[in-house]
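Okay, coords_22.txt now, which holds compact mmCIF, C-alpha atoms and all ligand atoms:
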```txt
# COMPACT_ATOMS: atom_id res chain seq x y z
CA MET O 154 -63.68 3.36 9.51
CA LYS O 155 -61.69 3.23 6.33
CA LYS O 156 -60.25 0.02 5.01
CA LYS O 157 -56.55 -0.65 5.58
CA LEU O 158 -54.24 -1.48 2.72
CA ASN O 159 -52.39 -4.79 3.16
CA VAL O 160 -48.60 -4.40 2.92
CA TYR O 161 -46.19 -7.33 2.50
CA PHE O 162 -42.59 -7.33 3.69
CA HIS O 163 -40.12 -9.79 5.24
CA GLY O 164 -37.09 -8.78 7.33
CA ASP O 165 -34.77 -11.14 5.45
CA GLN O 166 -35.15 -8.93 2.39
CA LEU O 167 -32.65 -6.67 4.16
CA LYS O 168 -29.93 -9.33 4.08
CA HIS O 169 -29.02 -8.47 0.51
CA LYS O 170 -26.73 -5.46 0.87
CA PRO O 171 -24.92 -4.44 -2.30
CA VAL O 172 -22.26 -1.87 -1.35
CA TYR O 173 -21.17 -0.64 -4.74
CA GLU O 174 -21.91 -1.04 -8.42
CA TRP O 175 -19.92 -0.69 -11.57
CA ALA O 176 -21.56 1.70 -14.02
CA PHE O 177 -19.98 3.27 -17.09
CA GLY O 178 -16.58 1.96 -15.94
CA GLU O 179 -16.86 3.61 -12.56
CA LYS O 180 -17.20 2.20 -9.08
CA LEU O 181 -20.18 3.95 -7.49
CA SER O 182 -21.90 3.50 -4.16
CA HIS O 183 -24.88 1.22 -4.69
CA PRO O 184 -28.20 3.08 -4.76
CA GLU O 185 -30.36 0.03 -3.98
CA THR O 186 -29.76 0.12 -0.22
CA THR O 187 -31.57 -1.48 2.72
CA THR O 188 -32.35 2.04 3.98
CA ARG O 189 -34.83 2.34 1.11
CA ALA O 190 -37.01 -0.38 2.61
CA ASP O 191 -36.43 0.89 6.17
CA ASN O 192 -37.68 4.33 5.20
CA ILE O 193 -40.73 3.05 3.35
CA LEU O 194 -41.66 0.90 6.34
CA ALA O 195 -41.17 3.79 8.74
CA ALA O 196 -43.45 6.03 6.67
CA LEU O 197 -46.18 3.39 6.52
CA LYS O 198 -45.92 2.64 10.24
CA ASP O 199 -46.46 6.35 10.82
CA ASP O 200 -50.00 5.92 9.54
CA PRO O 201 -51.27 2.79 11.34
CA ASP O 202 -54.89 3.48 10.42
CA ALA O 203 -54.08 3.22 6.75
CA TYR O 204 -51.83 0.15 6.53
CA ALA O 205 -51.82 -3.40 7.84
CA LEU O 206 -48.37 -4.96 7.70
CA PHE O 207 -47.97 -8.67 6.94
CA THR O 208 -45.13 -11.13 6.49
CA PRO O 209 -45.59 -12.95 3.17
CA GLU O 210 -46.08 -16.67 2.92
CA LYS O 211 -43.05 -18.50 1.64
CA ALA O 212 -43.60 -18.68 -2.09
CA PRO O 213 -43.55 -22.05 -3.82
CA LEU O 214 -40.57 -22.70 -6.10
CA GLN O 215 -43.05 -23.38 -8.88
CA MET O 216 -44.07 -19.74 -8.85
CA LEU O 217 -40.49 -18.73 -9.68
CA ARG O 218 -40.33 -21.44 -12.35
CA ASP O 219 -43.51 -20.12 -13.99
CA ILE O 220 -41.58 -16.99 -14.87
CA HIS O 221 -37.89 -17.84 -14.80
CA ASP O 222 -35.49 -20.27 -16.43
CA ARG O 223 -34.43 -23.12 -14.12
CA ARG O 224 -30.77 -22.40 -14.69
CA LEU O 225 -31.11 -18.78 -13.55
CA ILE O 226 -32.75 -20.00 -10.35
CA SER O 227 -29.94 -22.56 -9.90
CA LEU O 228 -27.31 -19.86 -10.31
CA TYR O 229 -28.79 -17.81 -7.45
CA LYS O 230 -28.81 -20.95 -5.32
CA ALA O 231 -25.17 -21.60 -6.20
CA ALA O 232 -24.37 -18.09 -4.98
CA CYS O 233 -25.48 -19.17 -1.48
CA ASN O 234 -22.10 -20.92 -1.28
CA LEU O 235 -20.12 -17.71 -1.69
CA PRO O 236 -18.08 -16.89 1.42
CA GLU O 237 -19.98 -14.61 3.79
CA GLY O 238 -19.52 -10.95 2.87
CA GLU O 239 -18.10 -11.72 -0.54
CA THR O 240 -19.83 -10.33 -3.61
CA PHE O 241 -19.45 -11.43 -7.20
CA TYR O 242 -19.79 -8.83 -9.95
CA PRO O 243 -20.24 -10.30 -13.38
CA SER O 244 -17.81 -8.61 -15.72
CA LEU O 245 -17.54 -11.07 -18.59
CA PHE O 246 -20.68 -11.35 -20.71
CA PRO O 247 -20.31 -14.03 -23.37
CA LYS O 248 -22.57 -13.90 -26.39
CA ARG O 249 -24.87 -16.84 -26.01
CA ASN O 250 -24.05 -18.68 -29.21
CA ARG O 251 -21.85 -21.76 -28.88
CA VAL O 252 -20.88 -21.13 -25.27
CA ILE O 253 -21.40 -23.71 -22.58
CA ALA O 254 -22.18 -22.10 -19.23
CA ASP O 255 -22.34 -23.87 -15.88
CA GLU O 256 -25.09 -22.43 -13.71
CA HIS O 257 -23.42 -23.93 -10.64
CA ASP O 258 -20.26 -21.91 -11.19
CA ILE O 259 -20.54 -18.31 -10.01
CA ARG O 260 -17.70 -17.31 -12.31
CA HIS O 261 -20.07 -18.08 -15.19
CA SER O 262 -22.74 -15.72 -13.87
CA GLY O 263 -22.09 -13.22 -16.66
CA TYR O 264 -23.89 -15.66 -18.96
CA PHE O 265 -27.06 -15.12 -16.92
CA CYS O 266 -26.69 -11.37 -16.46
CA PHE O 267 -26.70 -8.20 -18.56
CA ASP O 268 -25.01 -5.55 -16.43
CA SER O 269 -22.35 -5.01 -13.76
CA GLY O 270 -24.52 -3.26 -11.19
CA THR O 271 -26.23 -6.37 -9.91
CA PRO O 272 -23.94 -8.44 -7.68
CA LEU O 273 -24.48 -11.91 -6.26
CA ALA O 274 -23.75 -12.77 -2.64
CA SER O 275 -24.60 -15.62 -0.27
CA THR O 276 -27.69 -13.73 0.93
CA THR O 277 -29.08 -12.75 -2.48
CA TRP O 278 -31.22 -15.88 -2.81
CA LEU O 279 -32.85 -15.37 0.59
CA ALA O 280 -33.64 -11.69 0.04
CA ALA O 281 -34.79 -12.10 -3.56
CA THR O 282 -37.07 -15.07 -2.81
CA TRP O 283 -38.71 -13.13 0.04
CA SER O 284 -39.11 -10.14 -2.25
CA ALA O 285 -40.85 -12.39 -4.77
CA ALA O 286 -42.93 -13.89 -1.96
CA CYS O 287 -44.26 -10.39 -1.14
CA ALA O 288 -45.46 -10.05 -4.71
CA ASP O 289 -46.99 -13.51 -4.68
CA SER O 290 -48.79 -13.03 -1.36
CA ALA O 291 -50.15 -9.67 -2.48
CA ALA O 292 -51.36 -11.21 -5.76
CA ARG O 293 -52.95 -14.10 -3.89
CA LEU O 294 -54.97 -11.68 -1.77
CA ILE O 295 -56.34 -10.10 -4.93
CA GLU O 296 -56.81 -13.45 -6.66
CA LEU O 297 -58.93 -14.75 -3.83
CA GLY O 298 -60.99 -11.57 -3.89
CA THR O 299 -60.23 -11.03 -0.20
CA ASP O 300 -59.32 -7.47 -1.03
CA THR O 301 -59.19 -5.21 -4.08
CA ALA O 302 -55.69 -3.77 -3.56
CA ALA O 303 -52.40 -4.68 -1.92
CA TYR O 304 -48.87 -3.28 -1.78
CA ALA O 305 -45.83 -5.54 -2.06
CA LEU O 306 -42.77 -3.86 -0.57
CA CYS O 307 -40.47 -5.71 -2.93
CA ARG O 308 -36.78 -5.17 -2.45
CA PRO O 309 -34.63 -6.13 -4.29
CA PRO O 310 -36.74 -4.82 -7.19
CA GLY O 311 -37.73 -6.89 -10.21
CA HIS O 312 -38.78 -5.23 -13.45
CA HIS O 313 -35.40 -5.50 -15.23
CA ALA O 314 -35.09 -9.26 -14.63
CA THR O 315 -36.01 -11.26 -17.73
CA ARG O 316 -36.93 -14.94 -17.95
CA ASP O 317 -33.27 -15.95 -18.00
CA LEU O 318 -31.19 -12.86 -17.14
CA PHE O 319 -30.67 -10.70 -14.06
CA GLY O 320 -29.63 -7.05 -14.08
CA GLY O 321 -30.64 -3.51 -13.11
CA TYR O 322 -30.51 -4.46 -9.38
CA CYS O 323 -33.22 -7.07 -10.14
CA TYR O 324 -33.18 -10.88 -9.70
CA PHE O 325 -36.77 -12.14 -9.83
CA ASN O 326 -39.43 -10.27 -11.76
CA ASN O 327 -41.90 -9.57 -8.97
CA ALA O 328 -44.46 -7.79 -11.19
CA ALA O 329 -44.45 -10.69 -13.66
CA ILE O 330 -45.04 -13.12 -10.79
CA CYS O 331 -48.17 -11.13 -9.86
CA ALA O 332 -49.36 -10.94 -13.44
CA SER O 333 -48.95 -14.66 -14.08
CA ARG O 334 -50.99 -15.50 -10.99
CA LEU O 335 -53.77 -13.02 -11.84
CA ARG O 336 -53.79 -13.97 -15.52
CA LYS O 337 -55.46 -17.28 -14.66
CA HIS O 338 -58.59 -15.27 -13.87
CA GLY O 339 -58.65 -12.93 -16.85
CA ARG O 340 -56.67 -10.37 -18.78
CA VAL O 341 -54.07 -8.42 -16.84
CA ALA O 342 -52.64 -4.97 -17.49
CA ILE O 343 -49.23 -4.00 -16.12
CA ILE O 344 -48.36 -0.34 -15.86
CA ASP O 345 -44.71 0.43 -15.19
CA ILE O 346 -44.09 3.91 -13.79
CA ASP O 347 -40.45 3.46 -12.76
CA PHE O 348 -38.09 5.98 -14.40
CA HIS O 349 -36.42 3.08 -16.21
CA HIS O 350 -38.05 0.92 -18.84
CA GLY O 351 -39.15 -2.46 -17.47
CA ASN O 352 -37.34 -4.52 -20.06
CA GLY O 353 -37.71 -7.75 -18.11
CA THR O 354 -41.48 -7.53 -17.80
CA GLN O 355 -41.77 -6.50 -21.43
CA GLY O 356 -39.76 -9.52 -22.53
CA ILE O 357 -41.68 -12.01 -20.40
CA PHE O 358 -45.06 -11.04 -21.88
CA TYR O 359 -43.94 -9.88 -25.32
CA SER O 360 -45.92 -12.54 -27.22
CA ASP O 361 -48.86 -12.67 -24.81
CA PRO O 362 -52.10 -10.93 -25.90
CA GLU O 363 -53.65 -11.58 -22.47
CA VAL O 364 -51.16 -9.36 -20.66
CA LEU O 365 -50.91 -5.71 -21.67
CA PHE O 366 -47.63 -4.04 -20.73
CA VAL O 367 -47.55 -0.24 -20.68
CA SER O 368 -44.44 1.66 -19.58
CA ILE O 369 -43.73 5.37 -19.18
CA HIS O 370 -40.00 6.01 -18.81
CA GLY O 371 -36.94 8.09 -19.58
CA ASP O 372 -36.12 7.81 -23.27
CA PRO O 373 -33.79 4.80 -23.72
CA LYS O 374 -31.90 6.79 -26.35
CA GLU O 375 -30.45 8.60 -23.33
CA PHE O 376 -31.10 6.42 -20.31
CA TYR O 377 -30.67 2.91 -18.95
CA PRO O 378 -31.50 0.25 -20.19
CA PHE O 379 -30.71 1.79 -23.61
CA TYR O 380 -31.41 -1.34 -25.69
CA TRP O 381 -35.07 -1.58 -24.71
CA GLY O 382 -38.03 0.73 -24.19
CA HIS O 383 -38.32 2.30 -27.63
CA GLU O 384 -41.74 3.07 -29.03
CA ARG O 385 -41.25 0.63 -31.90
CA GLU O 386 -41.22 -2.36 -29.50
CA SER O 387 -44.90 -3.22 -29.68
CA GLY O 388 -45.12 -6.98 -29.15
CA ARG O 389 -44.66 -10.12 -31.21
CA GLY O 390 -47.00 -12.56 -32.95
CA ALA O 391 -50.32 -12.80 -31.12
CA GLY O 392 -48.94 -10.28 -28.63
CA MET O 393 -48.51 -7.59 -31.29
CA GLY O 394 -50.07 -4.34 -30.07
CA PHE O 395 -50.08 -5.42 -26.43
CA ASN O 396 -46.77 -3.82 -25.52
CA ILE O 397 -46.84 -0.06 -25.30
CA ASN O 398 -43.70 1.96 -24.63
CA ILE O 399 -44.01 5.65 -23.89
CA PRO O 400 -40.51 7.13 -23.70
CA ILE O 401 -40.33 10.76 -22.58
CA PRO O 402 -37.42 13.20 -22.56
CA GLU O 403 -35.67 14.23 -19.36
CA GLY O 404 -37.04 17.11 -17.30
CA CYS O 405 -40.65 15.90 -17.39
CA ASP O 406 -42.63 17.50 -14.54
CA GLY O 407 -45.75 16.31 -12.74
CA GLN O 408 -48.19 18.14 -14.99
CA GLU O 409 -46.69 16.73 -18.17
CA TYR O 410 -46.36 13.28 -16.60
CA LEU O 411 -50.01 13.20 -15.58
CA ARG O 412 -51.02 14.31 -19.05
CA VAL O 413 -49.09 11.44 -20.67
CA LEU O 414 -50.41 9.02 -18.07
CA SER O 415 -54.06 9.81 -18.68
CA LYS O 416 -53.97 10.63 -22.41
CA LYS O 417 -51.91 7.61 -23.42
CA ALA O 418 -51.36 4.94 -20.76
CA LEU O 419 -54.75 4.97 -19.04
CA LEU O 420 -56.65 5.16 -22.32
CA ALA O 421 -54.84 2.05 -23.53
CA ILE O 422 -55.61 0.21 -20.28
CA LYS O 423 -59.30 1.15 -20.40
CA LYS O 424 -59.55 -0.03 -23.99
CA PHE O 425 -57.92 -3.34 -23.02
CA ALA O 426 -60.50 -3.76 -20.22
CA PRO O 427 -58.41 -6.02 -17.97
CA ALA O 428 -59.70 -8.00 -15.01
CA ALA O 429 -56.77 -6.86 -12.86
CA LEU O 430 -53.92 -4.37 -12.75
CA VAL O 431 -50.29 -4.67 -11.64
CA VAL O 432 -48.39 -1.44 -10.99
CA SER O 433 -44.60 -1.53 -11.19
CA ALA O 434 -44.20 1.42 -8.88
CA GLY O 435 -40.82 3.11 -9.12
CA PHE O 436 -40.17 6.46 -7.49
CA ASP O 437 -36.98 7.37 -9.33
CA THR O 438 -39.10 9.85 -11.31
CA TYR O 439 -38.82 12.11 -8.24
CA ARG O 440 -37.09 15.44 -8.87
CA GLU O 441 -34.28 14.79 -6.39
CA ASP O 442 -33.59 11.23 -7.44
CA PRO O 443 -29.86 10.64 -7.96
CA ILE O 444 -30.43 8.39 -11.00
CA GLY O 445 -33.72 9.46 -12.61
CA ARG O 446 -34.10 12.68 -14.57
CA PHE O 447 -37.78 13.59 -14.24
CA LYS O 448 -39.12 16.28 -11.94
CA LEU O 449 -42.07 14.83 -10.08
CA GLU O 450 -42.85 16.28 -6.66
CA THR O 451 -44.09 14.27 -3.68
CA ALA O 452 -47.64 15.60 -4.25
CA ASP O 453 -47.56 14.44 -7.88
CA PHE O 454 -47.33 10.82 -6.73
CA HIS O 455 -50.66 11.32 -4.97
CA HIS O 456 -52.24 12.28 -8.29
CA VAL O 457 -50.58 9.43 -10.15
CA GLY O 458 -51.89 7.00 -7.53
CA GLU O 459 -55.33 8.58 -7.63
CA ALA O 460 -55.54 8.25 -11.41
CA LEU O 461 -54.65 4.55 -11.15
CA GLY O 462 -57.11 4.00 -8.28
CA LYS O 463 -59.89 5.51 -10.38
CA LEU O 464 -59.56 2.61 -12.80
CA LYS O 465 -61.36 0.67 -10.04
CA LEU O 466 -59.52 -2.53 -10.86
CA PRO O 467 -58.25 -5.19 -8.47
CA THR O 468 -54.66 -3.99 -8.17
CA VAL O 469 -51.30 -5.17 -6.90
CA ILE O 470 -48.80 -2.38 -6.37
CA VAL O 471 -45.24 -3.68 -6.59
CA GLN O 472 -42.29 -1.64 -5.33
CA GLU O 473 -39.55 -1.10 -7.94
CA GLY O 474 -36.90 1.70 -7.91
CA GLY O 475 -36.59 5.07 -6.18
CA TYR O 476 -33.23 6.13 -4.77
CA CYS O 477 -33.77 9.43 -3.02
CA THR O 478 -33.96 7.48 0.23
CA ASP O 479 -34.75 10.51 2.41
CA LYS O 480 -37.97 11.16 0.52
CA LEU O 481 -38.82 7.63 -0.57
CA GLY O 482 -41.12 6.96 2.39
CA ALA O 483 -43.05 10.17 1.80
CA ASN O 484 -43.29 9.49 -1.93
CA VAL O 485 -44.56 5.94 -1.49
CA SER O 486 -47.13 6.98 1.10
CA SER O 487 -48.25 9.89 -1.09
CA PHE O 488 -48.81 7.45 -3.95
CA LEU O 489 -50.63 4.87 -1.81
CA THR O 490 -52.86 7.50 -0.19
CA GLY O 491 -53.70 8.83 -3.65
CA PHE O 492 -54.46 5.33 -4.88
CA SER O 493 -56.85 4.68 -2.01
CA CYS O 494 -58.61 8.01 -2.61
CA GLY O 495 -59.04 7.25 -6.29
CA ALA O 496 -60.27 3.74 -5.63
CA ARG O 497 -62.78 4.95 -3.04
CA ARG O 498 -64.52 7.91 -4.56
CA ASP O 499 -66.83 7.76 -7.55
CA LYS O 500 -64.98 9.81 -10.14
C1 LIG T 601 -34.98 -0.98 -10.50
C2 LIG T 601 -34.16 0.15 -11.04
O1 LIG T 601 -34.56 1.31 -10.90
N1 LIG T 601 -32.97 -0.14 -11.61
C3 LIG T 601 -32.15 0.88 -12.16
C4 LIG T 601 -30.86 0.39 -12.69
C5 LIG T 601 -30.03 1.51 -13.22
N2 LIG T 601 -28.66 1.15 -13.28
C6 LIG T 601 -27.77 2.01 -14.01
C7 LIG T 601 -27.70 3.35 -13.37
C8 LIG T 601 -26.44 4.08 -13.66
C9 LIG T 601 -25.93 4.70 -12.40
N3 LIG T 601 -25.58 6.05 -12.54
C10 LIG T 601 -25.39 6.67 -11.26
C11 LIG T 601 -25.13 8.10 -11.40
C12 LIG T 601 -25.10 8.70 -10.01
N4 LIG T 601 -24.81 10.09 -10.09
ZN ZN T 602 -35.65 2.60 -11.99
```

Final structure tokens representation of the file:
Amino acid sequence: MKKKLNVYFHGDQLKHKPVYEWAFGEKLSHPETTTRADNILAALKDDPDAYALFTPEKAPLQMLRDIHDRRLISLYKAACNLPEGETFYPSLFPKRNRVIADEHDIRHSGYFCFDSGTPLASTTWLAATWSAACADSAARLIELGTDTAAYALCRPPGHHATRDLFGGYCYFNNAAICASRLRKHGRVAIIDIDFHHGNGTQGIFYSDPEVLFVSIHGDPKEFYPFYWGHERESGRGAGMGFNINIPIPEGCDGQEYLRVLSKKALLAIKKFAPAALVVSAGFDTYREDPIGRFKLETADFHHVGEALGKLKLPTVIVQEGGYCTDKLGANVSSFLTGFSCGARRDK
């Protein structure tokens, strides 16, 4: 009998329900819906021989503090006092010099945020801490050597959240939480395959030579998050050379994507020879995604997963974006099946 993949998810992650976002001056329906998680869960439950579903352990506050600024954490807590159903959209973003911000005042949340698509509500703290707990529990399984792979169904996502800023639908950097736990046992590589550059993860490990960050994404000259994700961003100080950005133009199909993945990203990871791998797994590279502009098919995710599984590394797979909700379940399960195949077979 084949080994089941442990999956982590908590029902309270569904309590964060952004209805709309402001993007480019327009009010748009929010793509980061609870249906995303519902559909992923439904797809995994369809294959009970392949997945074992677990509720994460409540993560210690210290784990959030390892990655994030105390004041950012306090701000999310302050948001718990918002009236039920009310959402706060930061719309005033002061430059940080010579401004005094109060992290207990929601109206100051623009100081701790970089975009207007990432609202705060009374339930955000609960959902975001459980999302982070999924990442932490999955990493703990790998850390203890109980298993060699786990999937954290993180939602809200995390890779845009920096040490002290939220944005891009992200509050806590779930992938960074995994990496910081695993890092205690050796070098860690993070591969980010979301359509968008993982600016938060990049920033958190930018000076760290023990954590390699590799990201394949839509060229930030054209796509969110615009300011970050350029090839020239290669790390700082001792971390120089340990941040690898691979921007690619829109329209990229599965064949081209797999070529870039194996010729550039995987080569860099093999050379780094990490003890563990964290995958920031976004599915907004799918051809029908309403936000992303690549052309991957459902079957391509199998091959991407397989290529990562073949690295034969202890791996935590962390859910990031992916907004074609109708196909998200199929895409995630295609990826996870591929990963398990790659991890199992020799070659
Ligand atoms: C985790 C993640 O994937 N975050 C992505 C954040 C992107 N936010 C800006 C997207 C701009 C929205 N444009 C919508 C166009 C719909 N036709
Ligand atoms: Zn994305």

Give me, as a tab-separated table, the closest atom pair and its distance (Å, one decimal) for every residue of chain O within a cut-off of 6 Å of ligand LIG 601 (chain T), counting only C-alpha atoms and all ligand atoms, rows sorted by chain and rising number.
```
residue	atom	partner	partner_atom	distance
O:Ala176	CA	T:LIG601	C8	5.4
O:Pro310	CA	T:LIG601	C1	5.4
O:Gly321	CA	T:LIG601	C4	3.9
O:Tyr322	CA	T:LIG601	N1	5.4
O:His349	CA	T:LIG601	O1	5.9
O:Tyr377	CA	T:LIG601	C6	5.8
O:Pro443	CA	T:LIG601	N4	5.5
O:Ile444	CA	T:LIG601	C11	5.3
O:Glu473	CA	T:LIG601	C1	5.2
O:Gly474	CA	T:LIG601	O1	3.8
```

Pick out the closest residue to Leu481 of chain O from this set: O:Asp165, O:Asp317, O:Asp406, O:Glu185. Count only C-alpha atoms.
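Answer, going by the shortest atom-to-atom distance: O:Glu185.
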
Could you pull out the residues sitting within 12 Å of ligand ZN 602 (chain T), using all atoms listed in the file, and write them as a PyMOL selection string?
chain O and resi 184-185+309-313+320-323+345-352+368-371+376-378+433-439+442-447+472-477

In Å and to one decimal, atom CA of Asp255 of chain O is distant from atom CA of Ile357 of chain O by 23.1 Å

Enter the distance from atom CA of Arg224 of chain O to atom CA of Ser290 of chain O, in Å, rounded to one decimal.
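About the pair atom CA of Arg224 of chain O and atom CA of Ser290 of chain O: they are 24.3 Å apart.
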
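Here atom CA of Asp222 of chain O is placed at a distance of 9.9 Å from atom CA of Phe265 of chain O.
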
Excluding Ile193 of chain O and its own-chain neighbours fewer than 5 positions away, which residues fall within 12 Å of it when counting all atoms listed in the file? Please give them as a PDB file with C-alpha atoms, in the frame of the given file.
```pdb
ATOM      1  CA  VAL O 160     -48.600  -4.400   2.920  1.00  0.00           C
ATOM      2  CA  TYR O 161     -46.190  -7.330   2.500  1.00  0.00           C
ATOM      3  CA  PHE O 162     -42.590  -7.330   3.690  1.00  0.00           C
ATOM      4  CA  THR O 186     -29.760   0.120  -0.220  1.00  0.00           C
ATOM      5  CA  THR O 187     -31.570  -1.480   2.720  1.00  0.00           C
ATOM      6  CA  THR O 188     -32.350   2.040   3.980  1.00  0.00           C
ATOM      7  CA  LYS O 198     -45.920   2.640  10.240  1.00  0.00           C
ATOM      8  CA  ASP O 199     -46.460   6.350  10.820  1.00  0.00           C
ATOM      9  CA  ASP O 200     -50.000   5.920   9.540  1.00  0.00           C
ATOM     10  CA  TYR O 204     -51.830   0.150   6.530  1.00  0.00           C
ATOM     11  CA  LEU O 206     -48.370  -4.960   7.700  1.00  0.00           C
ATOM     12  CA  TYR O 304     -48.870  -3.280  -1.780  1.00  0.00           C
ATOM     13  CA  ALA O 305     -45.830  -5.540  -2.060  1.00  0.00           C
ATOM     14  CA  LEU O 306     -42.770  -3.860  -0.570  1.00  0.00           C
ATOM     15  CA  CYS O 307     -40.470  -5.710  -2.930  1.00  0.00           C
ATOM     16  CA  ARG O 308     -36.780  -5.170  -2.450  1.00  0.00           C
ATOM     17  CA  PHE O 436     -40.170   6.460  -7.490  1.00  0.00           C
ATOM     18  CA  GLN O 472     -42.290  -1.640  -5.330  1.00  0.00           C
ATOM     19  CA  GLY O 474     -36.900   1.700  -7.910  1.00  0.00           C
ATOM     20  CA  GLY O 475     -36.590   5.070  -6.180  1.00  0.00           C
ATOM     21  CA  TYR O 476     -33.230   6.130  -4.770  1.00  0.00           C
ATOM     22  CA  CYS O 477     -33.770   9.430  -3.020  1.00  0.00           C
ATOM     23  CA  THR O 478     -33.960   7.480   0.230  1.00  0.00           C
ATOM     24  CA  ASP O 479     -34.750  10.510   2.410  1.00  0.00           C
ATOM     25  CA  LYS O 480     -37.970  11.160   0.520  1.00  0.00           C
ATOM     26  CA  LEU O 481     -38.820   7.630  -0.570  1.00  0.00           C
ATOM     27  CA  GLY O 482     -41.120   6.960   2.390  1.00  0.00           C
ATOM     28  CA  ALA O 483     -43.050  10.170   1.800  1.00  0.00           C
ATOM     29  CA  ASN O 484     -43.290   9.490  -1.930  1.00  0.00           C
ATOM     30  CA  VAL O 485     -44.560   5.940  -1.490  1.00  0.00           C
ATOM     31  CA  SER O 486     -47.130   6.980   1.100  1.00  0.00           C
ATOM     32  CA  SER O 487     -48.250   9.890  -1.090  1.00  0.00           C
ATOM     33  CA  PHE O 488     -48.810   7.450  -3.950  1.00  0.00           C
ATOM     34  CA  LEU O 489     -50.630   4.870  -1.810  1.00  0.00           C
TER      35      LEU O 489
END
```

May I ask you to restore N, CA and C atoms in segment 163-180 of chain O and write the result as a short mmCIF file (atom, residue, chain, number, x, y, z; two decimals), in the frame of the given file?
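Everything below was put into out_31.cif:
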```cif
data_model
loop_
_atom_site.label_atom_id
_atom_site.label_comp_id
_atom_site.auth_asym_id
_atom_site.auth_seq_id
_atom_site.Cartn_x
_atom_site.Cartn_y
_atom_site.Cartn_z
N HIS O 163 -40.80 -8.84 4.35
CA HIS O 163 -40.12 -9.79 5.24
C HIS O 163 -38.73 -9.26 5.59
N GLY O 164 -38.37 -9.32 6.85
CA GLY O 164 -37.09 -8.78 7.33
C GLY O 164 -35.86 -9.32 6.60
N ASP O 165 -35.93 -10.56 6.13
CA ASP O 165 -34.77 -11.14 5.45
C ASP O 165 -34.47 -10.48 4.10
N GLN O 166 -35.42 -9.69 3.62
CA GLN O 166 -35.15 -8.93 2.39
C GLN O 166 -33.99 -7.94 2.58
N LEU O 167 -33.71 -7.64 3.86
CA LEU O 167 -32.65 -6.67 4.16
C LEU O 167 -31.26 -7.33 4.18
N LYS O 168 -31.23 -8.65 4.02
CA LYS O 168 -29.93 -9.33 4.08
C LYS O 168 -29.11 -9.19 2.81
N HIS O 169 -29.75 -8.78 1.75
CA HIS O 169 -29.02 -8.47 0.51
C HIS O 169 -28.58 -7.01 0.60
N LYS O 170 -27.25 -6.82 0.63
CA LYS O 170 -26.73 -5.46 0.87
C LYS O 170 -25.63 -5.10 -0.11
N PRO O 171 -25.98 -4.82 -1.36
CA PRO O 171 -24.92 -4.44 -2.30
C PRO O 171 -24.27 -3.12 -1.85
N VAL O 172 -22.96 -3.07 -1.84
CA VAL O 172 -22.26 -1.87 -1.35
C VAL O 172 -21.91 -0.92 -2.48
N TYR O 173 -21.51 -1.50 -3.60
CA TYR O 173 -21.17 -0.64 -4.74
C TYR O 173 -21.62 -1.28 -6.04
N GLU O 174 -21.62 -0.52 -7.08
CA GLU O 174 -21.91 -1.04 -8.42
C GLU O 174 -20.88 -0.49 -9.40
N TRP O 175 -20.74 -1.20 -10.48
CA TRP O 175 -19.92 -0.69 -11.57
C TRP O 175 -20.86 -0.15 -12.64
N ALA O 176 -20.72 1.12 -12.98
CA ALA O 176 -21.56 1.70 -14.02
C ALA O 176 -20.71 2.65 -14.85
N PHE O 177 -20.76 2.45 -16.16
CA PHE O 177 -19.98 3.27 -17.09
C PHE O 177 -18.49 3.27 -16.70
N GLY O 178 -18.00 2.10 -16.27
CA GLY O 178 -16.58 1.96 -15.94
C GLY O 178 -16.19 2.52 -14.59
N GLU O 179 -17.19 3.01 -13.85
CA GLU O 179 -16.86 3.61 -12.56
C GLU O 179 -17.43 2.80 -11.40
N LYS O 180 -16.71 2.83 -10.30
CA LYS O 180 -17.20 2.20 -9.08
C LYS O 180 -17.99 3.24 -8.30
#
```
